Amino acid sequence: MAQNKSFTGRDMGIDLGTANTLVYVRGKGIVLNEPSVVAVNTVDGNVLSVGSAAKETMGRTPTNIVAVRPLRDGVIADFEIAERMLRYFIKKVAGSRRLARPRVVVCVPSGITGVERRAVMEAATQAGARQVHLVEEPIAAAIGAGLPVSEPTGCMVVDVGGGTTEVAVVSLGGIVTARSVRVAGDAMDTAITAYVKKHYALAIGERTAEEIKVSIGSAAPGGTLPAPRPGGAVRQSERNVEVVLQGDSGDPEDTQALLPPDRCTIRGRDQVTGLPKVLELTAEEVRHALGEPVDSIVAAVRSTLDETPPELAGDIMDRGIVLTGGGAMLRGLDVRLSRELDIPVLVADDPLDCVAIGTGRCVEDFASLRTAMEARPRRLDTVRV
């Protein structure tokens with residue numbers, strides 16, 4: 001409790017993501033990183049668990065308990081559950097004292113409507129925030145990646161999150177051109193689930209599809225992996241996915257010689273017999289399954305480049321494109337984009353936390369970065385929900 005009390009009244013930056021919610025506290029850094037999942041009892045409407053504990057229940061709940069993801073495609077799909085989730089996270093960080101009403105900066109997708117912006121602001125206010133300010137995800141991602149967003153040079157950032165992919169060209173603290181497509185990590189999971197169902201008549205859950213994507217998913221052939229644990233060619237990632245590495249020498253120093261995982265063994269329910277079934281899936285099959293969502297991301301980047309002014313396009317050719325977000329960790333995505341666009345593509349040093357770090361810097365340096373936030377604050381006043 002002493003740690004919570006030390007955060008009382010401090011400003012917060014919240015990366016309200018479809019898959020995970022991260023909270024940055026001024027002067028402390030990122031203090032919370034939990035899944036955006038809430039387990040609810042459908043009988044009385046009580047919230048049973050939030051975050052990591054709730055995610056563990058996904059696909060394993062009785063009929064009277066539902067694991068809800070209140071955000072879909074980067075926006076609030078269930079306002080009441082989102083507000084209760086935010087209230088839980090803010091209370092967990094700031095403590096339960098009544099005076100703990102922090103100023104909050106919330107990160108939102110660039111393509112959301114004014115009504116959706118108002119919903120985010122009202123949810124954060126109802127959750128206990130004193131003031132709510134919004135910053136668009138591409139700006140936060142660019143700040144978190146260390147790009148010179150305030151200079152008169154073009155920087156291009158591609159933030160591949162859970163629900164949306166944000167593509168934007170940033171210059172002088174603002175977005176010059178941007179595109180937000182609702183194709184990202186969740187769409188990749190859905191594509192894997194549909195592929196396995198169509199070709200093998202095997203039903204798998206969301207968590208299993210995500211494990212497959214992380215384990216052997218790729219956007220282009222080739223790539224490297226972190227050093228394996230010595231003395232084992234089989235890595236157990238989760239209950240339903242068993243990954244087998246090829247070329248696994250067990251030498252921690254031999255990282256460049258590693259090939260991506262070759263195949264994995266998954267478990268699901270056979271739709272013909274209705275019985276549990278074990279299936280081996282290859283990396284090539286998963287790459288084929290991910291083809292459509294990856295093509296959509298490439299098309300969004302290409303369209304954004306088409307709308308970029310020539311002077312800024314030259315800057316992007318020199319600096320390259322920066323990938324952020326959890327989807328940036330998909331093997332070969334940078335290679336695929338670079339090959340398709342003939343532009344250097346770099347993955348940020350800490351892609352998972354870039355948006356949260358950028359939101360936190362807006363909190364730390366609120367005065368100088370305020371121009372990057374709330375590009376349409378007065379328009380919001382005229383919106384009625």
# chains A, B, ... in the order shown; residues from 1 in each chain; ligands from 1
$ residues_around --residues "segment 33-48 of chain A" --least-positions-apart "5" --cutoff "6 Å" --atoms "only C-alpha atoms" --output "JSON, numbers by chain"
{"A": [19, 20, 21, 22, 54, 55, 64, 65, 66, 67, 68, 69]}
$ closest_residue --among "A:Ala168, A:Gly325, A:Met85, A:Val25" --to "Pro102 of chain A" --atoms "only C-alpha atoms"
A:Val25
$ residues_around --residues "Gly59 of chain A" --least-positions-apart "2" --cutoff "9 Å" --atoms "only C-alpha atoms" --output "short mmCIF file (atom, residue, chain, number, x, y, z; two decimals) with C-alpha atoms, in the first residue's frame"
data_model
loop_
_atom_site.label_atom_id
_atom_site.label_comp_id
_atom_site.auth_asym_id
_atom_site.auth_seq_id
_atom_site.Cartn_x
_atom_site.Cartn_y
_atom_site.Cartn_z
CA GLU A 56 -6.45 -16.84 -17.76
CA THR A 57 -10.17 -17.59 -17.78
CA THR A 61 -15.32 -20.31 -18.05
CA VAL A 66 -17.87 -14.43 -19.50
CA ALA A 67 -14.39 -13.07 -20.23
CA GLY A 205 -9.49 -20.77 -29.37
CA GLU A 206 -8.19 -17.19 -29.48
CA ARG A 207 -5.34 -17.92 -27.10
#
$ select_by_dssp --residues "segment 129-227 of chain A" --states "strand (DSSP E or B)" --output "PDB file with all heavy atoms, in the first residue's frame"
ATOM      1  N   GLN A 131      -8.707  15.362 -14.989  1.00  0.00           N
ATOM      2  CA  GLN A 131      -8.723  15.919 -16.343  1.00  0.00           C
ATOM      3  C   GLN A 131      -8.328  14.802 -17.299  1.00  0.00           C
ATOM      4  O   GLN A 131      -7.532  13.929 -16.957  1.00  0.00           O
ATOM      5  CB  GLN A 131      -7.726  17.074 -16.489  1.00  0.00           C
ATOM      6  CG  GLN A 131      -8.007  18.280 -15.628  1.00  0.00           C
ATOM      7  CD  GLN A 131      -6.929  19.343 -15.810  1.00  0.00           C
ATOM      8  OE1 GLN A 131      -6.133  19.300 -16.746  1.00  0.00           O
ATOM      9  NE2 GLN A 131      -6.898  20.295 -14.893  1.00  0.00           N
ATOM     10  N   VAL A 132      -8.885  14.835 -18.495  1.00  0.00           N
ATOM     11  CA  VAL A 132      -8.568  13.823 -19.505  1.00  0.00           C
ATOM     12  C   VAL A 132      -8.117  14.519 -20.776  1.00  0.00           C
ATOM     13  O   VAL A 132      -8.802  15.414 -21.284  1.00  0.00           O
ATOM     14  CB  VAL A 132      -9.777  12.920 -19.815  1.00  0.00           C
ATOM     15  CG1 VAL A 132      -9.395  11.854 -20.835  1.00  0.00           C
ATOM     16  CG2 VAL A 132     -10.298  12.263 -18.535  1.00  0.00           C
ATOM     17  N   HIS A 133      -6.967  14.142 -21.268  1.00  0.00           N
ATOM     18  CA  HIS A 133      -6.437  14.649 -22.533  1.00  0.00           C
ATOM     19  C   HIS A 133      -6.153  13.460 -23.441  1.00  0.00           C
ATOM     20  O   HIS A 133      -5.777  12.383 -22.965  1.00  0.00           O
ATOM     21  CB  HIS A 133      -5.160  15.457 -22.309  1.00  0.00           C
ATOM     22  CG  HIS A 133      -5.332  16.602 -21.361  1.00  0.00           C
ATOM     23  ND1 HIS A 133      -5.722  17.862 -21.773  1.00  0.00           N
ATOM     24  CD2 HIS A 133      -5.193  16.680 -20.010  1.00  0.00           C
ATOM     25  CE1 HIS A 133      -5.806  18.667 -20.720  1.00  0.00           C
ATOM     26  NE2 HIS A 133      -5.486  17.969 -19.636  1.00  0.00           N
ATOM     27  N   LEU A 134      -6.330  13.656 -24.732  1.00  0.00           N
ATOM     28  CA  LEU A 134      -6.136  12.576 -25.688  1.00  0.00           C
ATOM     29  C   LEU A 134      -4.913  12.849 -26.559  1.00  0.00           C
ATOM     30  O   LEU A 134      -4.627  14.001 -26.907  1.00  0.00           O
ATOM     31  CB  LEU A 134      -7.367  12.429 -26.582  1.00  0.00           C
ATOM     32  CG  LEU A 134      -8.713  12.204 -25.890  1.00  0.00           C
ATOM     33  CD1 LEU A 134      -9.811  12.008 -26.917  1.00  0.00           C
ATOM     34  CD2 LEU A 134      -8.652  11.016 -24.950  1.00  0.00           C
ATOM     35  N   VAL A 135      -4.206  11.783 -26.895  1.00  0.00           N
ATOM     36  CA  VAL A 135      -3.102  11.870 -27.847  1.00  0.00           C
ATOM     37  C   VAL A 135      -3.266  10.722 -28.826  1.00  0.00           C
ATOM     38  O   VAL A 135      -3.631   9.608 -28.440  1.00  0.00           O
ATOM     39  CB  VAL A 135      -1.730  11.797 -27.131  1.00  0.00           C
ATOM     40  CG1 VAL A 135      -1.577  10.508 -26.343  1.00  0.00           C
ATOM     41  CG2 VAL A 135      -0.595  11.937 -28.132  1.00  0.00           C
ATOM     42  N   GLU A 136      -3.052  11.013 -30.094  1.00  0.00           N
ATOM     43  CA  GLU A 136      -3.241   9.988 -31.112  1.00  0.00           C
ATOM     44  C   GLU A 136      -2.074   9.007 -31.112  1.00  0.00           C
ATOM     45  O   GLU A 136      -0.921   9.380 -30.885  1.00  0.00           O
ATOM     46  CB  GLU A 136      -3.413  10.628 -32.484  1.00  0.00           C
ATOM     47  CG  GLU A 136      -4.698  11.457 -32.580  1.00  0.00           C
ATOM     48  CD  GLU A 136      -4.910  12.033 -33.966  1.00  0.00           C
ATOM     49  OE1 GLU A 136      -3.910  12.203 -34.680  1.00  0.00           O
ATOM     50  OE2 GLU A 136      -6.063  12.319 -34.326  1.00  0.00           O
ATOM     51  N   CYS A 155       8.833  11.952 -40.569  1.00  0.00           N
ATOM     52  CA  CYS A 155       9.059  10.665 -39.914  1.00  0.00           C
ATOM     53  C   CYS A 155       7.826   9.802 -40.149  1.00  0.00           C
ATOM     54  O   CYS A 155       6.707  10.273 -39.964  1.00  0.00           O
ATOM     55  CB  CYS A 155       9.276  10.834 -38.409  1.00  0.00           C
ATOM     56  SG  CYS A 155      10.598  11.960 -37.950  1.00  0.00           S
ATOM     57  N   MET A 156       8.044   8.573 -40.544  1.00  0.00           N
ATOM     58  CA  MET A 156       6.915   7.675 -40.777  1.00  0.00           C
ATOM     59  C   MET A 156       6.938   6.559 -39.755  1.00  0.00           C
ATOM     60  O   MET A 156       7.961   5.911 -39.548  1.00  0.00           O
ATOM     61  CB  MET A 156       6.957   7.088 -42.189  1.00  0.00           C
ATOM     62  CG  MET A 156       5.697   6.320 -42.554  1.00  0.00           C
ATOM     63  SD  MET A 156       5.645   5.891 -44.304  1.00  0.00           S
ATOM     64  CE  MET A 156       3.915   5.429 -44.474  1.00  0.00           C
ATOM     65  N   VAL A 157       5.796   6.348 -39.113  1.00  0.00           N
ATOM     66  CA  VAL A 157       5.679   5.313 -38.093  1.00  0.00           C
ATOM     67  C   VAL A 157       4.505   4.418 -38.446  1.00  0.00           C
ATOM     68  O   VAL A 157       3.467   4.881 -38.913  1.00  0.00           O
ATOM     69  CB  VAL A 157       5.512   5.932 -36.687  1.00  0.00           C
ATOM     70  CG1 VAL A 157       4.235   6.747 -36.597  1.00  0.00           C
ATOM     71  CG2 VAL A 157       5.517   4.868 -35.609  1.00  0.00           C
ATOM     72  N   VAL A 158       4.706   3.115 -38.256  1.00  0.00           N
ATOM     73  CA  VAL A 158       3.654   2.118 -38.466  1.00  0.00           C
ATOM     74  C   VAL A 158       3.476   1.387 -37.151  1.00  0.00           C
ATOM     75  O   VAL A 158       4.352   0.624 -36.730  1.00  0.00           O
ATOM     76  CB  VAL A 158       4.015   1.133 -39.599  1.00  0.00           C
ATOM     77  CG1 VAL A 158       2.904   0.103 -39.781  1.00  0.00           C
ATOM     78  CG2 VAL A 158       4.265   1.875 -40.900  1.00  0.00           C
ATOM     79  N   ASP A 159       2.351   1.634 -36.493  1.00  0.00           N
ATOM     80  CA  ASP A 159       2.065   1.016 -35.193  1.00  0.00           C
ATOM     81  C   ASP A 159       1.054  -0.107 -35.400  1.00  0.00           C
ATOM     82  O   ASP A 159      -0.121   0.149 -35.661  1.00  0.00           O
ATOM     83  CB  ASP A 159       1.524   2.064 -34.216  1.00  0.00           C
ATOM     84  CG  ASP A 159       1.209   1.456 -32.858  1.00  0.00           C
ATOM     85  OD1 ASP A 159       2.120   0.857 -32.262  1.00  0.00           O
ATOM     86  OD2 ASP A 159       0.064   1.582 -32.399  1.00  0.00           O
ATOM     87  N   VAL A 160       1.529  -1.343 -35.291  1.00  0.00           N
ATOM     88  CA  VAL A 160       0.678  -2.515 -35.483  1.00  0.00           C
ATOM     89  C   VAL A 160       0.266  -3.020 -34.105  1.00  0.00           C
ATOM     90  O   VAL A 160       1.048  -3.671 -33.413  1.00  0.00           O
ATOM     91  CB  VAL A 160       1.406  -3.623 -36.268  1.00  0.00           C
ATOM     92  CG1 VAL A 160       0.434  -4.762 -36.598  1.00  0.00           C
ATOM     93  CG2 VAL A 160       2.028  -3.074 -37.538  1.00  0.00           C
ATOM     94  N   THR A 165      -4.056  -0.931 -37.062  1.00  0.00           N
ATOM     95  CA  THR A 165      -2.719  -0.573 -37.539  1.00  0.00           C
ATOM     96  C   THR A 165      -2.746   0.904 -37.900  1.00  0.00           C
ATOM     97  O   THR A 165      -3.539   1.331 -38.747  1.00  0.00           O
ATOM     98  CB  THR A 165      -2.316  -1.400 -38.763  1.00  0.00           C
ATOM     99  OG1 THR A 165      -2.203  -2.776 -38.382  1.00  0.00           O
ATOM    100  CG2 THR A 165      -0.978  -0.936 -39.324  1.00  0.00           C
ATOM    101  N   GLU A 166      -1.894   1.666 -37.219  1.00  0.00           N
ATOM    102  CA  GLU A 166      -1.840   3.114 -37.436  1.00  0.00           C
ATOM    103  C   GLU A 166      -0.616   3.444 -38.281  1.00  0.00           C
ATOM    104  O   GLU A 166       0.519   3.134 -37.893  1.00  0.00           O
ATOM    105  CB  GLU A 166      -1.735   3.844 -36.095  1.00  0.00           C
ATOM    106  CG  GLU A 166      -2.827   3.504 -35.105  1.00  0.00           C
ATOM    107  CD  GLU A 166      -4.157   4.125 -35.468  1.00  0.00           C
ATOM    108  OE1 GLU A 166      -4.151   5.225 -36.045  1.00  0.00           O
ATOM    109  OE2 GLU A 166      -5.189   3.505 -35.184  1.00  0.00           O
ATOM    110  N   VAL A 167      -0.846   4.052 -39.417  1.00  0.00           N
ATOM    111  CA  VAL A 167       0.241   4.468 -40.310  1.00  0.00           C
ATOM    112  C   VAL A 167       0.182   5.976 -40.422  1.00  0.00           C
ATOM    113  O   VAL A 167      -0.873   6.535 -40.749  1.00  0.00           O
ATOM    114  CB  VAL A 167       0.105   3.830 -41.709  1.00  0.00           C
ATOM    115  CG1 VAL A 167       1.327   4.139 -42.562  1.00  0.00           C
ATOM    116  CG2 VAL A 167      -0.102   2.324 -41.600  1.00  0.00           C
ATOM    117  N   ALA A 168       1.278   6.659 -40.143  1.00  0.00           N
ATOM    118  CA  ALA A 168       1.239   8.126 -40.152  1.00  0.00           C
ATOM    119  C   ALA A 168       2.593   8.707 -40.508  1.00  0.00           C
ATOM    120  O   ALA A 168       3.636   8.121 -40.210  1.00  0.00           O
ATOM    121  CB  ALA A 168       0.793   8.661 -38.793  1.00  0.00           C
ATOM    122  N   VAL A 169       2.548   9.860 -41.169  1.00  0.00           N
ATOM    123  CA  VAL A 169       3.736  10.676 -41.410  1.00  0.00           C
ATOM    124  C   VAL A 169       3.635  11.882 -40.481  1.00  0.00           C
ATOM    125  O   VAL A 169       2.631  12.608 -40.510  1.00  0.00           O
ATOM    126  CB  VAL A 169       3.817  11.124 -42.882  1.00  0.00           C
ATOM    127  CG1 VAL A 169       5.017  12.042 -43.087  1.00  0.00           C
ATOM    128  CG2 VAL A 169       3.915   9.915 -43.797  1.00  0.00           C
ATOM    129  N   VAL A 170       4.647  12.061 -39.653  1.00  0.00           N
ATOM    130  CA  VAL A 170       4.632  13.086 -38.616  1.00  0.00           C
ATOM    131  C   VAL A 170       5.698  14.130 -38.913  1.00  0.00           C
ATOM    132  O   VAL A 170       6.825  13.796 -39.309  1.00  0.00           O
ATOM    133  CB  VAL A 170       4.887  12.450 -37.231  1.00  0.00           C
ATOM    134  CG1 VAL A 170       4.858  13.511 -36.145  1.00  0.00           C
ATOM    135  CG2 VAL A 170       3.857  11.369 -36.942  1.00  0.00           C
ATOM    136  N   SER A 171       5.345  15.402 -38.718  1.00  0.00           N
ATOM    137  CA  SER A 171       6.292  16.498 -38.888  1.00  0.00           C
ATOM    138  C   SER A 171       5.808  17.695 -38.078  1.00  0.00           C
ATOM    139  O   SER A 171       4.600  17.944 -37.989  1.00  0.00           O
ATOM    140  CB  SER A 171       6.419  16.883 -40.367  1.00  0.00           C
ATOM    141  OG  SER A 171       7.306  17.973 -40.531  1.00  0.00           O
ATOM    142  N   GLY A 174       2.881  17.310 -35.514  1.00  0.00           N
ATOM    143  CA  GLY A 174       1.536  16.961 -35.950  1.00  0.00           C
ATOM    144  C   GLY A 174       1.561  15.891 -37.017  1.00  0.00           C
ATOM    145  O   GLY A 174       2.620  15.546 -37.571  1.00  0.00           O
ATOM    146  N   ILE A 175       0.388  15.362 -37.323  1.00  0.00           N
ATOM    147  CA  ILE A 175       0.255  14.323 -38.339  1.00  0.00           C
ATOM    148  C   ILE A 175      -0.034  14.977 -39.684  1.00  0.00           C
ATOM    149  O   ILE A 175      -1.016  15.719 -39.832  1.00  0.00           O
ATOM    150  CB  ILE A 175      -0.865  13.337 -37.971  1.00  0.00           C
ATOM    151  CG1 ILE A 175      -0.493  12.582 -36.697  1.00  0.00           C
ATOM    152  CG2 ILE A 175      -1.126  12.363 -39.101  1.00  0.00           C
ATOM    153  CD1 ILE A 175      -1.573  11.641 -36.206  1.00  0.00           C
ATOM    154  N   VAL A 176       0.820  14.730 -40.659  1.00  0.00           N
ATOM    155  CA  VAL A 176       0.640  15.284 -42.001  1.00  0.00           C
ATOM    156  C   VAL A 176      -0.374  14.452 -42.780  1.00  0.00           C
ATOM    157  O   VAL A 176      -1.308  14.976 -43.374  1.00  0.00           O
ATOM    158  CB  VAL A 176       1.989  15.330 -42.750  1.00  0.00           C
ATOM    159  CG1 VAL A 176       1.787  15.866 -44.162  1.00  0.00           C
ATOM    160  CG2 VAL A 176       2.991  16.182 -41.986  1.00  0.00           C
ATOM    161  N   THR A 177      -0.174  13.161 -42.788  1.00  0.00           N
ATOM    162  CA  THR A 177      -1.121  12.242 -43.418  1.00  0.00           C
ATOM    163  C   THR A 177      -1.113  10.947 -42.633  1.00  0.00           C
ATOM    164  O   THR A 177      -0.072  10.552 -42.093  1.00  0.00           O
ATOM    165  CB  THR A 177      -0.761  11.990 -44.899  1.00  0.00           C
ATOM    166  OG1 THR A 177      -1.712  11.102 -45.483  1.00  0.00           O
ATOM    167  CG2 THR A 177       0.620  11.389 -45.032  1.00  0.00           C
ATOM    168  N   ALA A 178      -2.268  10.323 -42.548  1.00  0.00           N
ATOM    169  CA  ALA A 178      -2.366   9.111 -41.725  1.00  0.00           C
ATOM    170  C   ALA A 178      -3.456   8.207 -42.273  1.00  0.00           C
ATOM    171  O   ALA A 178      -4.363   8.633 -42.992  1.00  0.00           O
ATOM    172  CB  ALA A 178      -2.658   9.470 -40.271  1.00  0.00           C
ATOM    173  N   ARG A 179      -3.349   6.970 -41.897  1.00  0.00           N
ATOM    174  CA  ARG A 179      -4.365   5.985 -42.246  1.00  0.00           C
ATOM    175  C   ARG A 179      -4.480   4.993 -41.100  1.00  0.00           C
ATOM    176  O   ARG A 179      -3.464   4.515 -40.587  1.00  0.00           O
ATOM    177  CB  ARG A 179      -3.990   5.255 -43.549  1.00  0.00           C
ATOM    178  CG  ARG A 179      -5.090   4.357 -44.099  1.00  0.00           C
ATOM    179  CD  ARG A 179      -4.695   3.859 -45.475  1.00  0.00           C
ATOM    180  NE  ARG A 179      -4.614   4.955 -46.415  1.00  0.00           N
ATOM    181  CZ  ARG A 179      -5.602   5.368 -47.193  1.00  0.00           C
ATOM    182  NH1 ARG A 179      -6.769   4.750 -47.121  1.00  0.00           N
ATOM    183  NH2 ARG A 179      -5.454   6.366 -48.023  1.00  0.00           N
ATOM    184  N   SER A 180      -5.698   4.713 -40.701  1.00  0.00           N
ATOM    185  CA  SER A 180      -5.956   3.758 -39.628  1.00  0.00           C
ATOM    186  C   SER A 180      -6.803   2.630 -40.181  1.00  0.00           C
ATOM    187  O   SER A 180      -7.932   2.868 -40.645  1.00  0.00           O
ATOM    188  CB  SER A 180      -6.672   4.440 -38.458  1.00  0.00           C
ATOM    189  OG  SER A 180      -6.969   3.514 -37.436  1.00  0.00           O
ATOM    190  N   VAL A 181      -6.260   1.417 -40.177  1.00  0.00           N
ATOM    191  CA  VAL A 181      -6.998   0.262 -40.677  1.00  0.00           C
ATOM    192  C   VAL A 181      -7.229  -0.709 -39.521  1.00  0.00           C
ATOM    193  O   VAL A 181      -6.347  -0.921 -38.692  1.00  0.00           O
ATOM    194  CB  VAL A 181      -6.254  -0.437 -41.835  1.00  0.00           C
ATOM    195  CG1 VAL A 181      -6.207   0.446 -43.053  1.00  0.00           C
ATOM    196  CG2 VAL A 181      -4.852  -0.844 -41.429  1.00  0.00           C
ATOM    197  N   LEU A 202     -10.553 -28.259 -37.569  1.00  0.00           N
ATOM    198  CA  LEU A 202     -10.161 -28.242 -36.164  1.00  0.00           C
ATOM    199  C   LEU A 202     -10.513 -26.885 -35.568  1.00  0.00           C
ATOM    200  O   LEU A 202     -10.136 -25.843 -36.108  1.00  0.00           O
ATOM    201  CB  LEU A 202      -8.655 -28.496 -36.024  1.00  0.00           C
ATOM    202  CG  LEU A 202      -8.128 -28.657 -34.595  1.00  0.00           C
ATOM    203  CD1 LEU A 202      -8.582 -29.989 -34.012  1.00  0.00           C
ATOM    204  CD2 LEU A 202      -6.599 -28.562 -34.565  1.00  0.00           C
ATOM    205  N   ALA A 203     -11.245 -26.898 -34.480  1.00  0.00           N
ATOM    206  CA  ALA A 203     -11.627 -25.656 -33.803  1.00  0.00           C
ATOM    207  C   ALA A 203     -10.609 -25.345 -32.717  1.00  0.00           C
ATOM    208  O   ALA A 203     -10.346 -26.184 -31.857  1.00  0.00           O
ATOM    209  CB  ALA A 203     -13.021 -25.790 -33.199  1.00  0.00           C
ATOM    210  N   SER A 218       5.043 -15.695 -39.330  1.00  0.00           N
ATOM    211  CA  SER A 218       6.000 -14.841 -40.038  1.00  0.00           C
ATOM    212  C   SER A 218       5.310 -14.216 -41.243  1.00  0.00           C
ATOM    213  O   SER A 218       4.314 -14.729 -41.752  1.00  0.00           O
ATOM    214  CB  SER A 218       7.231 -15.630 -40.482  1.00  0.00           C
ATOM    215  OG  SER A 218       6.870 -16.638 -41.419  1.00  0.00           O
TER     216      SER A 218
END
$ residues_around --residues "Pro344 of chain A" --least-positions-apart "4" --cutoff "8 Å" --atoms "only C-alpha atoms" --output "list in words"
Met317, Arg319, Gly320, Ile321 and Ser338 of chain A
$ residues_around --residues "Ile14 of chain A" --least-positions-apart "5" --cutoff "7 Å" --atoms "only C-alpha atoms" --output "compact mmCIF listing (two decimals) with C-alpha atoms, in the first residue's frame"
# COMPACT_ATOMS: atom_id res chain seq x y z
CA LEU A 22 -0.31 0.05 -19.97
CA VAL A 23 -0.20 2.79 -17.34
CA TYR A 24 2.67 5.27 -17.06
CA VAL A 105 -3.47 11.39 -20.92
CA VAL A 106 -5.12 8.58 -22.91
CA CYS A 107 -3.83 7.28 -26.21
CA ALA A 356 3.00 3.86 -23.54
CA THR A 359 2.14 8.81 -23.79
$ residues_around --residues "Lys213 of chain A" --least-positions-apart "3" --cutoff "9 Å" --atoms "only C-alpha atoms" --output "list in words"
Gly185, Met188, Asp189, Ile192, Thr208, Ala209, Glu210, Ile216, Gly217, Ser218, Val286, Leu290 and Leu330 of chain A
$ atom_distance --atom1 "atom CA of Ala328 of chain A" --atom2 "atom CA of Glu137 of chain A"
14.6 Å
$ select_by_dssp --residues "segment 20-265 of chain A" --states "helix (DSSP H, G or I)" --output "PyMOL selection string"
chain A and resi 52-55+79-94+114-126+137-144+185-200+206-216
$ residues_around --residues "Arg339 of chain A" --least-positions-apart "6" --cutoff "12 Å" --atoms "only C-alpha atoms" --output "PyMOL selection string"
chain A and resi 219-220+298+332-333+345
$ write_last_selection --atoms "N, CA, C and O atoms" --output "PDB file, in the first residue's frame"
ATOM      1  N   ALA A 219       5.865 -13.088 -41.686  1.00  0.00           N
ATOM      2  CA  ALA A 219       5.346 -12.408 -42.869  1.00  0.00           C
ATOM      3  C   ALA A 219       6.199 -12.658 -44.092  1.00  0.00           C
ATOM      4  O   ALA A 219       5.782 -12.390 -45.213  1.00  0.00           O
ATOM      5  N   ALA A 220       7.401 -13.166 -43.878  1.00  0.00           N
ATOM      6  CA  ALA A 220       8.321 -13.469 -44.972  1.00  0.00           C
ATOM      7  C   ALA A 220       9.243 -14.587 -44.509  1.00  0.00           C
ATOM      8  O   ALA A 220       9.496 -14.729 -43.310  1.00  0.00           O
ATOM      9  N   VAL A 298       0.444  -3.790 -45.656  1.00  0.00           N
ATOM     10  CA  VAL A 298       1.323  -3.268 -46.714  1.00  0.00           C
ATOM     11  C   VAL A 298       0.561  -2.260 -47.576  1.00  0.00           C
ATOM     12  O   VAL A 298       1.094  -1.201 -47.930  1.00  0.00           O
ATOM     13  N   GLY A 332       9.783 -11.168 -39.959  1.00  0.00           N
ATOM     14  CA  GLY A 332       9.819 -10.886 -41.380  1.00  0.00           C
ATOM     15  C   GLY A 332       8.918  -9.753 -41.836  1.00  0.00           C
ATOM     16  O   GLY A 332       8.903  -9.437 -43.031  1.00  0.00           O
ATOM     17  N   LEU A 333       8.172  -9.111 -40.926  1.00  0.00           N
ATOM     18  CA  LEU A 333       7.303  -8.011 -41.355  1.00  0.00           C
ATOM     19  C   LEU A 333       8.120  -6.846 -41.882  1.00  0.00           C
ATOM     20  O   LEU A 333       7.761  -6.222 -42.887  1.00  0.00           O
ATOM     21  N   VAL A 345      13.249  -0.276 -43.502  1.00  0.00           N
ATOM     22  CA  VAL A 345      12.249  -0.435 -42.439  1.00  0.00           C
ATOM     23  C   VAL A 345      12.964  -0.923 -41.184  1.00  0.00           C
ATOM     24  O   VAL A 345      13.699  -1.910 -41.225  1.00  0.00           O
TER      25      VAL A 345
END
